[in-house]
Amino acid sequence: MPRLISLRKIAISLAMFAVVALGSAVAARADSLYVINTPNAGLSGTPGPYATVNLHFVSSSQIDVTVTMLGSFTMFGPNDAFGFNGPAGLTITNIVPSGGTGDFTVGSGGNIDGFGDFVYSLSDGNPGNSSHTSLTFSVTCAACFVDENGIYIANGNGAHFVVHVSPGPNIPTGYAADSGTSVPEPASMLLLGTGLIGVAGVVRRRFRK
């Protein structure tokens, strides 16, 4: 009977630690990461994933966006380098491409090849800076965001983000969009892992007793 009671206590401890770990992970989660891996016909010969889009919640008035190209893929600056959706009236500032060079301007979106209409777009007006490995910018409004997914809004085709992808020299460019699935943010996974390690320690100590 004492052994059964001990096992019950361990089970309760496991449940409590799991709840605390998961709660801590959710509370600390201030980023969402999305993978750009769905190509249009222009990229049919060069499969992805092509890039990631990280959304960082700064406040109810600001979300910071980081687009990071993967592998040898780069972002083709001219002609709608990046498109996304969001509430009307957003302001886009602090646009910084890789290396800090580029002449990016904010466009009015529109139909982007193969993925439907987007509300906002960014393009590099300098043809000499046609390839970028990353792009960061801030999206601001008058307290219209609840969390980092305030600009994670699907268009009529189900796409949230689109990137103009350059596979390499002398290879045709094309567009790619996200698949609509979030990747676990590293800090959340670290917190959850720490909680599970704590659970293992408690179980080990209980059994030694």
# chains A, B, ... in the order shown; residues from 1 in each chain; ligands from 1

$ residues_around --residues "Leu70 of chain A" --least-positions-apart "6" --cutoff "10 Å" --atoms "only C-alpha atoms" --output "compact mmCIF listing (two decimals) with N, CA and C atoms, in the first residue's frame"
# COMPACT_ATOMS: atom_id res chain seq x y z
N VAL A 35 7.45 28.99 -41.74
CA VAL A 35 8.36 28.55 -42.80
C VAL A 35 7.75 28.84 -44.16
N ILE A 36 8.55 29.42 -45.04
CA ILE A 36 8.14 29.66 -46.43
C ILE A 36 8.60 28.45 -47.24
N GLY A 48 12.02 23.89 -51.65
CA GLY A 48 12.43 24.57 -50.42
C GLY A 48 12.75 23.59 -49.31
N PRO A 49 12.71 24.07 -48.07
CA PRO A 49 12.21 25.38 -47.62
C PRO A 49 13.10 26.54 -48.05
N TYR A 50 12.48 27.70 -48.24
CA TYR A 50 13.16 28.84 -48.80
C TYR A 50 13.52 29.90 -47.77
N ALA A 51 12.67 30.08 -46.76
CA ALA A 51 12.88 31.16 -45.79
C ALA A 51 12.03 30.93 -44.55
N THR A 52 12.29 31.71 -43.52
CA THR A 52 11.44 31.74 -42.33
C THR A 52 11.00 33.17 -42.08
N THR A 133 19.83 38.26 -48.02
CA THR A 133 19.71 37.04 -47.21
C THR A 133 18.77 37.23 -46.03
N SER A 134 18.41 38.47 -45.73
CA SER A 134 17.46 38.73 -44.65
C SER A 134 16.82 40.10 -44.82

$ select_by_dssp --residues "segment 59-179 of chain A" --states "strand (DSSP E)" --output "short mmCIF file (atom, residue, chain, number, x, y, z; two decimals) with all heavy atoms, in the first residue's frame"
data_model
loop_
_atom_site.label_atom_id
_atom_site.label_comp_id
_atom_site.auth_asym_id
_atom_site.auth_seq_id
_atom_site.Cartn_x
_atom_site.Cartn_y
_atom_site.Cartn_z
N SER A 59 4.70 45.24 -28.51
CA SER A 59 3.62 45.84 -27.72
C SER A 59 2.34 45.77 -28.54
O SER A 59 2.34 45.29 -29.68
CB SER A 59 3.95 47.29 -27.37
OG SER A 59 3.90 48.10 -28.54
N GLN A 62 3.14 47.47 -31.78
CA GLN A 62 4.28 47.15 -32.65
C GLN A 62 4.58 45.66 -32.70
O GLN A 62 4.60 44.97 -31.67
CB GLN A 62 5.54 47.89 -32.16
CG GLN A 62 6.78 47.62 -33.01
CD GLN A 62 7.97 48.45 -32.59
OE1 GLN A 62 7.82 49.55 -32.03
NE2 GLN A 62 9.17 47.97 -32.85
N ILE A 63 4.83 45.19 -33.91
CA ILE A 63 5.33 43.84 -34.16
C ILE A 63 6.57 43.99 -35.03
O ILE A 63 6.56 44.71 -36.03
CB ILE A 63 4.28 42.98 -34.89
CG1 ILE A 63 3.07 42.72 -33.99
CG2 ILE A 63 4.89 41.65 -35.34
CD1 ILE A 63 1.93 42.01 -34.69
N ASP A 64 7.66 43.30 -34.63
CA ASP A 64 8.87 43.30 -35.43
C ASP A 64 8.91 42.03 -36.28
O ASP A 64 8.63 40.92 -35.79
CB ASP A 64 10.12 43.36 -34.55
CG ASP A 64 10.31 44.73 -33.91
OD1 ASP A 64 9.68 45.70 -34.38
OD2 ASP A 64 11.08 44.83 -32.94
N VAL A 65 9.27 42.19 -37.54
CA VAL A 65 9.28 41.08 -38.49
C VAL A 65 10.70 40.84 -38.98
O VAL A 65 11.41 41.77 -39.35
CB VAL A 65 8.36 41.37 -39.70
CG1 VAL A 65 8.33 40.19 -40.67
CG2 VAL A 65 6.95 41.73 -39.23
N THR A 66 11.12 39.56 -38.99
CA THR A 66 12.42 39.19 -39.54
C THR A 66 12.23 38.07 -40.56
O THR A 66 11.73 37.00 -40.22
CB THR A 66 13.38 38.71 -38.45
OG1 THR A 66 13.56 39.74 -37.48
CG2 THR A 66 14.74 38.34 -39.04
N VAL A 67 12.61 38.35 -41.79
CA VAL A 67 12.57 37.34 -42.86
C VAL A 67 13.99 36.86 -43.07
O VAL A 67 14.88 37.66 -43.37
CB VAL A 67 12.01 37.92 -44.17
CG1 VAL A 67 11.89 36.83 -45.23
CG2 VAL A 67 10.66 38.60 -43.93
N THR A 68 14.22 35.56 -42.91
CA THR A 68 15.55 34.98 -43.05
C THR A 68 15.54 33.94 -44.16
O THR A 68 14.80 32.95 -44.09
CB THR A 68 16.02 34.33 -41.74
OG1 THR A 68 15.97 35.29 -40.68
CG2 THR A 68 17.44 33.80 -41.87
N MET A 69 16.35 34.15 -45.18
CA MET A 69 16.44 33.19 -46.27
C MET A 69 17.28 31.99 -45.83
O MET A 69 18.20 32.13 -45.02
CB MET A 69 17.06 33.84 -47.51
CG MET A 69 16.33 35.09 -47.98
SD MET A 69 14.56 34.85 -48.31
CE MET A 69 14.61 33.72 -49.72
N THR A 74 18.18 33.44 -51.85
CA THR A 74 18.19 34.85 -51.46
C THR A 74 16.85 35.47 -51.85
O THR A 74 16.08 34.92 -52.64
CB THR A 74 19.33 35.63 -52.14
OG1 THR A 74 19.21 35.52 -53.56
CG2 THR A 74 20.69 35.09 -51.70
N MET A 75 16.59 36.63 -51.26
CA MET A 75 15.37 37.38 -51.58
C MET A 75 15.67 38.32 -52.74
O MET A 75 16.61 39.11 -52.67
CB MET A 75 14.91 38.17 -50.36
CG MET A 75 13.68 39.04 -50.61
SD MET A 75 13.31 40.12 -49.21
CE MET A 75 12.89 38.91 -47.96
N PHE A 76 14.87 38.21 -53.79
CA PHE A 76 15.04 39.09 -54.94
C PHE A 76 14.33 40.41 -54.63
O PHE A 76 13.11 40.45 -54.45
CB PHE A 76 14.46 38.43 -56.19
CG PHE A 76 14.78 39.16 -57.47
CD1 PHE A 76 16.07 39.15 -57.98
CD2 PHE A 76 13.80 39.85 -58.16
CE1 PHE A 76 16.39 39.82 -59.15
CE2 PHE A 76 14.10 40.52 -59.34
CZ PHE A 76 15.39 40.51 -59.84
N PHE A 82 8.63 41.03 -50.69
CA PHE A 82 7.91 40.38 -49.59
C PHE A 82 6.51 40.95 -49.50
O PHE A 82 6.31 42.16 -49.61
CB PHE A 82 8.65 40.62 -48.26
CG PHE A 82 8.02 39.94 -47.08
CD1 PHE A 82 8.06 38.56 -46.95
CD2 PHE A 82 7.36 40.68 -46.10
CE1 PHE A 82 7.47 37.94 -45.86
CE2 PHE A 82 6.77 40.06 -45.00
CZ PHE A 82 6.82 38.68 -44.89
N GLY A 83 5.55 40.07 -49.32
CA GLY A 83 4.17 40.51 -49.18
C GLY A 83 3.51 39.90 -47.95
O GLY A 83 3.84 38.78 -47.55
N PHE A 84 2.61 40.64 -47.33
CA PHE A 84 1.90 40.13 -46.16
C PHE A 84 0.56 40.85 -46.02
O PHE A 84 0.26 41.79 -46.75
CB PHE A 84 2.73 40.30 -44.88
CG PHE A 84 2.96 41.72 -44.45
CD1 PHE A 84 2.21 42.30 -43.45
CD2 PHE A 84 3.96 42.49 -45.05
CE1 PHE A 84 2.42 43.61 -43.03
CE2 PHE A 84 4.19 43.81 -44.65
CZ PHE A 84 3.41 44.36 -43.65
N THR A 91 1.60 51.10 -40.33
CA THR A 91 2.79 51.84 -40.75
C THR A 91 3.98 50.90 -40.69
O THR A 91 4.16 50.18 -39.71
CB THR A 91 3.04 53.05 -39.82
OG1 THR A 91 1.90 53.92 -39.87
CG2 THR A 91 4.28 53.81 -40.25
N ILE A 92 4.79 50.89 -41.74
CA ILE A 92 5.95 50.02 -41.82
C ILE A 92 7.20 50.88 -41.77
O ILE A 92 7.40 51.77 -42.61
CB ILE A 92 5.92 49.18 -43.10
CG1 ILE A 92 4.63 48.33 -43.13
CG2 ILE A 92 7.15 48.27 -43.19
CD1 ILE A 92 4.40 47.63 -44.44
N THR A 93 8.05 50.63 -40.77
CA THR A 93 9.26 51.44 -40.56
C THR A 93 10.45 50.52 -40.27
O THR A 93 10.31 49.31 -40.19
CB THR A 93 9.08 52.41 -39.39
OG1 THR A 93 8.79 51.65 -38.19
CG2 THR A 93 7.93 53.38 -39.64
N ASN A 94 11.61 51.16 -40.08
CA ASN A 94 12.85 50.46 -39.70
C ASN A 94 13.17 49.30 -40.65
O ASN A 94 13.57 48.21 -40.21
CB ASN A 94 12.75 49.93 -38.26
CG ASN A 94 12.44 51.01 -37.26
OD1 ASN A 94 12.93 52.14 -37.37
ND2 ASN A 94 11.61 50.69 -36.28
N ILE A 95 13.03 49.53 -41.94
CA ILE A 95 13.30 48.48 -42.93
C ILE A 95 14.81 48.34 -43.12
O ILE A 95 15.48 49.27 -43.55
CB ILE A 95 12.62 48.81 -44.27
CG1 ILE A 95 11.12 49.05 -44.07
CG2 ILE A 95 12.86 47.70 -45.28
CD1 ILE A 95 10.42 49.56 -45.33
N VAL A 96 15.32 47.15 -42.76
CA VAL A 96 16.76 46.91 -42.85
C VAL A 96 17.00 45.58 -43.56
O VAL A 96 16.75 44.51 -43.00
CB VAL A 96 17.42 46.89 -41.46
CG1 VAL A 96 18.93 46.64 -41.61
CG2 VAL A 96 17.15 48.17 -40.70
N PRO A 97 17.50 45.61 -44.80
CA PRO A 97 17.87 44.36 -45.48
C PRO A 97 19.25 43.89 -45.03
O PRO A 97 19.95 44.60 -44.31
CB PRO A 97 17.87 44.77 -46.95
CG PRO A 97 18.24 46.22 -46.91
CD PRO A 97 17.67 46.79 -45.65
N PHE A 104 14.50 50.06 -49.93
CA PHE A 104 13.18 49.44 -49.85
C PHE A 104 12.08 50.48 -49.68
O PHE A 104 12.23 51.45 -48.93
CB PHE A 104 13.12 48.44 -48.71
CG PHE A 104 13.56 47.06 -49.10
CD1 PHE A 104 14.90 46.73 -49.11
CD2 PHE A 104 12.63 46.08 -49.47
CE1 PHE A 104 15.32 45.46 -49.48
CE2 PHE A 104 13.04 44.82 -49.84
CZ PHE A 104 14.39 44.50 -49.85
N THR A 105 10.99 50.24 -50.38
CA THR A 105 9.81 51.08 -50.26
C THR A 105 8.61 50.18 -49.97
O THR A 105 8.61 48.99 -50.27
CB THR A 105 9.55 51.88 -51.54
OG1 THR A 105 9.42 50.97 -52.65
CG2 THR A 105 10.70 52.84 -51.81
N VAL A 106 7.59 50.77 -49.39
CA VAL A 106 6.37 50.04 -49.06
C VAL A 106 5.37 50.22 -50.18
O VAL A 106 5.06 51.34 -50.58
CB VAL A 106 5.77 50.54 -47.73
CG1 VAL A 106 4.49 49.78 -47.42
CG2 VAL A 106 6.78 50.40 -46.60
N GLY A 107 4.87 49.11 -50.70
CA GLY A 107 3.90 49.16 -51.77
C GLY A 107 2.50 48.87 -51.26
O GLY A 107 2.29 48.59 -50.07
N GLY A 110 -1.34 43.93 -53.64
CA GLY A 110 -1.93 43.51 -54.89
C GLY A 110 -1.69 42.03 -55.11
O GLY A 110 -1.26 41.31 -54.22
N ASN A 111 -1.99 41.56 -56.31
CA ASN A 111 -1.85 40.14 -56.63
C ASN A 111 -0.39 39.79 -56.85
O ASN A 111 0.28 40.40 -57.68
CB ASN A 111 -2.68 39.79 -57.87
CG ASN A 111 -2.75 38.29 -58.11
OD1 ASN A 111 -1.82 37.71 -58.63
ND2 ASN A 111 -3.86 37.69 -57.73
N ASP A 117 -4.02 37.98 -53.57
CA ASP A 117 -3.82 39.38 -53.19
C ASP A 117 -3.26 39.52 -51.79
O ASP A 117 -3.68 38.82 -50.86
CB ASP A 117 -5.15 40.14 -53.27
CG ASP A 117 -5.65 40.27 -54.70
OD1 ASP A 117 -4.81 40.36 -55.61
OD2 ASP A 117 -6.88 40.27 -54.90
N PHE A 118 -2.34 40.47 -51.64
CA PHE A 118 -1.77 40.83 -50.34
C PHE A 118 -1.99 42.32 -50.11
O PHE A 118 -2.00 43.12 -51.05
CB PHE A 118 -0.28 40.50 -50.29
CG PHE A 118 0.00 39.02 -50.29
CD1 PHE A 118 0.04 38.32 -51.48
CD2 PHE A 118 0.17 38.33 -49.10
CE1 PHE A 118 0.27 36.95 -51.48
CE2 PHE A 118 0.39 36.97 -49.09
CZ PHE A 118 0.44 36.27 -50.28
N TYR A 120 -0.06 44.40 -48.15
CA TYR A 120 1.19 45.18 -48.09
C TYR A 120 2.29 44.44 -48.83
O TYR A 120 2.32 43.21 -48.86
CB TYR A 120 1.61 45.41 -46.64
CG TYR A 120 0.59 46.15 -45.81
CD1 TYR A 120 -0.32 45.44 -45.03
CD2 TYR A 120 0.53 47.54 -45.81
CE1 TYR A 120 -1.27 46.11 -44.26
CE2 TYR A 120 -0.42 48.21 -45.05
CZ TYR A 120 -1.32 47.48 -44.28
OH TYR A 120 -2.26 48.14 -43.52
N SER A 121 3.21 45.21 -49.39
CA SER A 121 4.38 44.62 -50.05
C SER A 121 5.58 45.54 -49.86
O SER A 121 5.44 46.75 -49.67
CB SER A 121 4.11 44.40 -51.54
OG SER A 121 3.80 45.63 -52.18
N LEU A 122 6.77 44.95 -49.91
CA LEU A 122 8.01 45.70 -49.83
C LEU A 122 8.88 45.34 -51.02
O LEU A 122 8.99 44.16 -51.38
CB LEU A 122 8.77 45.40 -48.54
CG LEU A 122 8.19 45.95 -47.23
CD1 LEU A 122 7.14 44.99 -46.68
CD2 LEU A 122 9.28 46.13 -46.18
N SER A 123 9.49 46.35 -51.63
CA SER A 123 10.34 46.14 -52.79
C SER A 123 11.59 46.98 -52.67
O SER A 123 11.56 48.09 -52.10
CB SER A 123 9.60 46.50 -54.09
OG SER A 123 8.44 45.72 -54.26
N ASP A 124 12.71 46.46 -53.22
CA ASP A 124 13.95 47.21 -53.26
C ASP A 124 14.02 47.94 -54.59
O ASP A 124 14.08 47.33 -55.65
CB ASP A 124 15.14 46.25 -53.10
CG ASP A 124 16.46 46.99 -52.92
OD1 ASP A 124 16.50 48.21 -53.19
OD2 ASP A 124 17.43 46.36 -52.49
N SER A 131 19.65 40.94 -54.40
CA SER A 131 19.60 39.72 -53.60
C SER A 131 19.92 40.02 -52.15
O SER A 131 20.94 40.63 -51.83
CB SER A 131 20.60 38.69 -54.14
OG SER A 131 20.23 38.26 -55.42
N HIS A 132 19.04 39.54 -51.25
CA HIS A 132 19.23 39.76 -49.82
C HIS A 132 19.06 38.43 -49.08
O HIS A 132 18.22 37.60 -49.44
CB HIS A 132 18.21 40.77 -49.30
CG HIS A 132 18.26 42.09 -49.99
ND1 HIS A 132 19.22 43.04 -49.73
CD2 HIS A 132 17.47 42.63 -50.98
CE1 HIS A 132 19.02 44.11 -50.49
NE2 HIS A 132 17.97 43.88 -51.26
N SER A 134 18.41 38.47 -45.73
CA SER A 134 17.46 38.73 -44.65
C SER A 134 16.82 40.10 -44.82
O SER A 134 17.33 40.95 -45.57
CB SER A 134 18.14 38.64 -43.28
OG SER A 134 19.09 39.69 -43.12
N LEU A 135 15.73 40.29 -44.11
CA LEU A 135 15.03 41.57 -44.14
C LEU A 135 14.29 41.73 -42.82
O LEU A 135 13.57 40.83 -42.39
CB LEU A 135 14.03 41.62 -45.30
CG LEU A 135 13.17 42.88 -45.43
CD1 LEU A 135 14.04 44.07 -45.82
CD2 LEU A 135 12.05 42.68 -46.44
N THR A 136 14.51 42.85 -42.15
CA THR A 136 13.79 43.13 -40.91
C THR A 136 13.04 44.45 -41.04
O THR A 136 13.50 45.37 -41.72
CB THR A 136 14.73 43.20 -39.70
OG1 THR A 136 15.65 44.30 -39.86
CG2 THR A 136 15.54 41.92 -39.55
N PHE A 137 11.91 44.54 -40.36
CA PHE A 137 11.14 45.79 -40.34
C PHE A 137 10.15 45.74 -39.19
O PHE A 137 9.89 44.68 -38.60
CB PHE A 137 10.44 46.02 -41.67
CG PHE A 137 9.46 44.96 -42.09
CD1 PHE A 137 8.11 45.04 -41.76
CD2 PHE A 137 9.89 43.86 -42.83
CE1 PHE A 137 7.21 44.07 -42.15
CE2 PHE A 137 8.99 42.87 -43.22
CZ PHE A 137 7.65 42.98 -42.88
N SER A 138 9.61 46.90 -38.87
CA SER A 138 8.62 47.02 -37.80
C SER A 138 7.28 47.41 -38.38
O SER A 138 7.21 48.22 -39.31
CB SER A 138 9.06 48.08 -36.77
OG SER A 138 10.28 47.70 -36.15
N VAL A 139 6.22 46.83 -37.83
CA VAL A 139 4.86 47.16 -38.22
C VAL A 139 4.19 47.80 -37.01
O VAL A 139 4.15 47.21 -35.93
CB VAL A 139 4.08 45.91 -38.66
CG1 VAL A 139 2.66 46.28 -39.06
CG2 VAL A 139 4.79 45.21 -39.80
N THR A 140 3.66 49.01 -37.17
CA THR A 140 3.07 49.72 -36.04
C THR A 140 1.64 50.14 -36.35
O THR A 140 1.23 50.27 -37.51
CB THR A 140 3.90 50.96 -35.67
OG1 THR A 140 3.97 51.84 -36.81
CG2 THR A 140 5.31 50.57 -35.25
N PHE A 161 2.08 34.97 -45.97
CA PHE A 161 3.30 35.67 -46.38
C PHE A 161 3.77 35.13 -47.73
O PHE A 161 3.55 33.95 -48.05
CB PHE A 161 4.43 35.46 -45.36
CG PHE A 161 4.04 35.74 -43.94
CD1 PHE A 161 3.92 34.69 -43.03
CD2 PHE A 161 3.77 37.02 -43.50
CE1 PHE A 161 3.56 34.94 -41.72
CE2 PHE A 161 3.40 37.28 -42.20
CZ PHE A 161 3.29 36.23 -41.30
N VAL A 162 4.45 35.97 -48.49
CA VAL A 162 5.02 35.52 -49.76
C VAL A 162 6.38 36.20 -49.94
O VAL A 162 6.56 37.37 -49.56
CB VAL A 162 4.08 35.83 -50.95
CG1 VAL A 162 3.91 37.35 -51.13
CG2 VAL A 162 4.56 35.17 -52.22
N VAL A 163 7.34 35.45 -50.48
CA VAL A 163 8.70 35.96 -50.68
C VAL A 163 9.10 35.74 -52.14
O VAL A 163 8.82 34.68 -52.72
CB VAL A 163 9.71 35.23 -49.77
CG1 VAL A 163 11.12 35.73 -50.03
CG2 VAL A 163 9.35 35.44 -48.30
N HIS A 164 9.75 36.75 -52.73
CA HIS A 164 10.30 36.61 -54.08
C HIS A 164 11.67 35.95 -53.92
O HIS A 164 12.60 36.54 -53.38
CB HIS A 164 10.43 37.98 -54.73
CG HIS A 164 10.62 37.91 -56.21
ND1 HIS A 164 10.58 39.03 -57.02
CD2 HIS A 164 10.84 36.86 -57.06
CE1 HIS A 164 10.77 38.68 -58.28
NE2 HIS A 164 10.93 37.37 -58.32
N VAL A 165 11.78 34.71 -54.40
CA VAL A 165 12.96 33.88 -54.14
C VAL A 165 13.87 33.82 -55.36
O VAL A 165 13.41 33.59 -56.49
CB VAL A 165 12.54 32.45 -53.75
CG1 VAL A 165 13.78 31.57 -53.52
CG2 VAL A 165 11.66 32.47 -52.51
N SER A 166 15.17 34.00 -55.11
CA SER A 166 16.19 33.80 -56.14
C SER A 166 16.99 32.55 -55.77
O SER A 166 17.69 32.54 -54.76
CB SER A 166 17.12 35.02 -56.22
OG SER A 166 18.19 34.76 -57.13
N GLY A 174 11.27 33.02 -58.55
CA GLY A 174 9.87 32.66 -58.39
C GLY A 174 9.40 33.09 -57.02
O GLY A 174 10.17 33.64 -56.22
N TYR A 175 8.13 32.84 -56.74
CA TYR A 175 7.57 33.21 -55.44
C TYR A 175 7.26 31.97 -54.62
O TYR A 175 6.95 30.90 -55.16
CB TYR A 175 6.31 34.04 -55.62
CG TYR A 175 6.57 35.46 -56.07
CD1 TYR A 175 6.59 35.78 -57.43
CD2 TYR A 175 6.83 36.47 -55.15
CE1 TYR A 175 6.85 37.07 -57.85
CE2 TYR A 175 7.08 37.77 -55.56
CZ TYR A 175 7.09 38.06 -56.91
OH TYR A 175 7.35 39.35 -57.32
N ALA A 176 7.34 32.13 -53.30
CA ALA A 176 7.00 31.04 -52.37
C ALA A 176 6.24 31.62 -51.20
O ALA A 176 6.50 32.75 -50.77
CB ALA A 176 8.25 30.31 -51.90
N ALA A 177 5.31 30.85 -50.67
CA ALA A 177 4.48 31.29 -49.55
C ALA A 177 4.60 30.30 -48.39
O ALA A 177 5.21 29.23 -48.52
CB ALA A 177 3.02 31.42 -49.98
N ASP A 178 4.01 30.67 -47.25
CA ASP A 178 4.03 29.80 -46.08
C ASP A 178 2.98 28.72 -46.21
O ASP A 178 2.03 28.82 -46.98
CB ASP A 178 3.78 30.61 -44.81
CG ASP A 178 2.38 31.18 -44.78
OD1 ASP A 178 2.06 32.05 -45.63
OD2 ASP A 178 1.59 30.77 -43.93
N SER A 179 3.14 27.66 -45.40
CA SER A 179 2.18 26.56 -45.41
C SER A 179 1.12 26.72 -44.32
O SER A 179 0.23 25.90 -44.20
CB SER A 179 2.91 25.23 -45.20
OG SER A 179 3.59 25.23 -43.95
#

$ closest_residue --among "A:Gly86, A:Gly156, A:Gly71, A:Pro39" --to "Cys141 of chain A" --atoms "only C-alpha atoms"
A:Gly86

$ atom_distance --atom1 "atom CA of Asn155 of chain A" --atom2 "atom CA of Gly109 of chain A"
11.6 Å

$ select_by_dssp --residues "segment 52-206 of chain A" --states "helix (DSSP H, G or I)" --output "PyMOL selection string"
chain A and resi 98-100+127-129+148-151+186-206

$ atom_distance --atom1 "atom CA of Ala142 of chain A" --atom2 "atom CA of His160 of chain A"
21.8 Å

$ atom_distance --atom1 "atom CA of Asn149 of chain A" --atom2 "atom CA of Pro87 of chain A"
11.7 Å
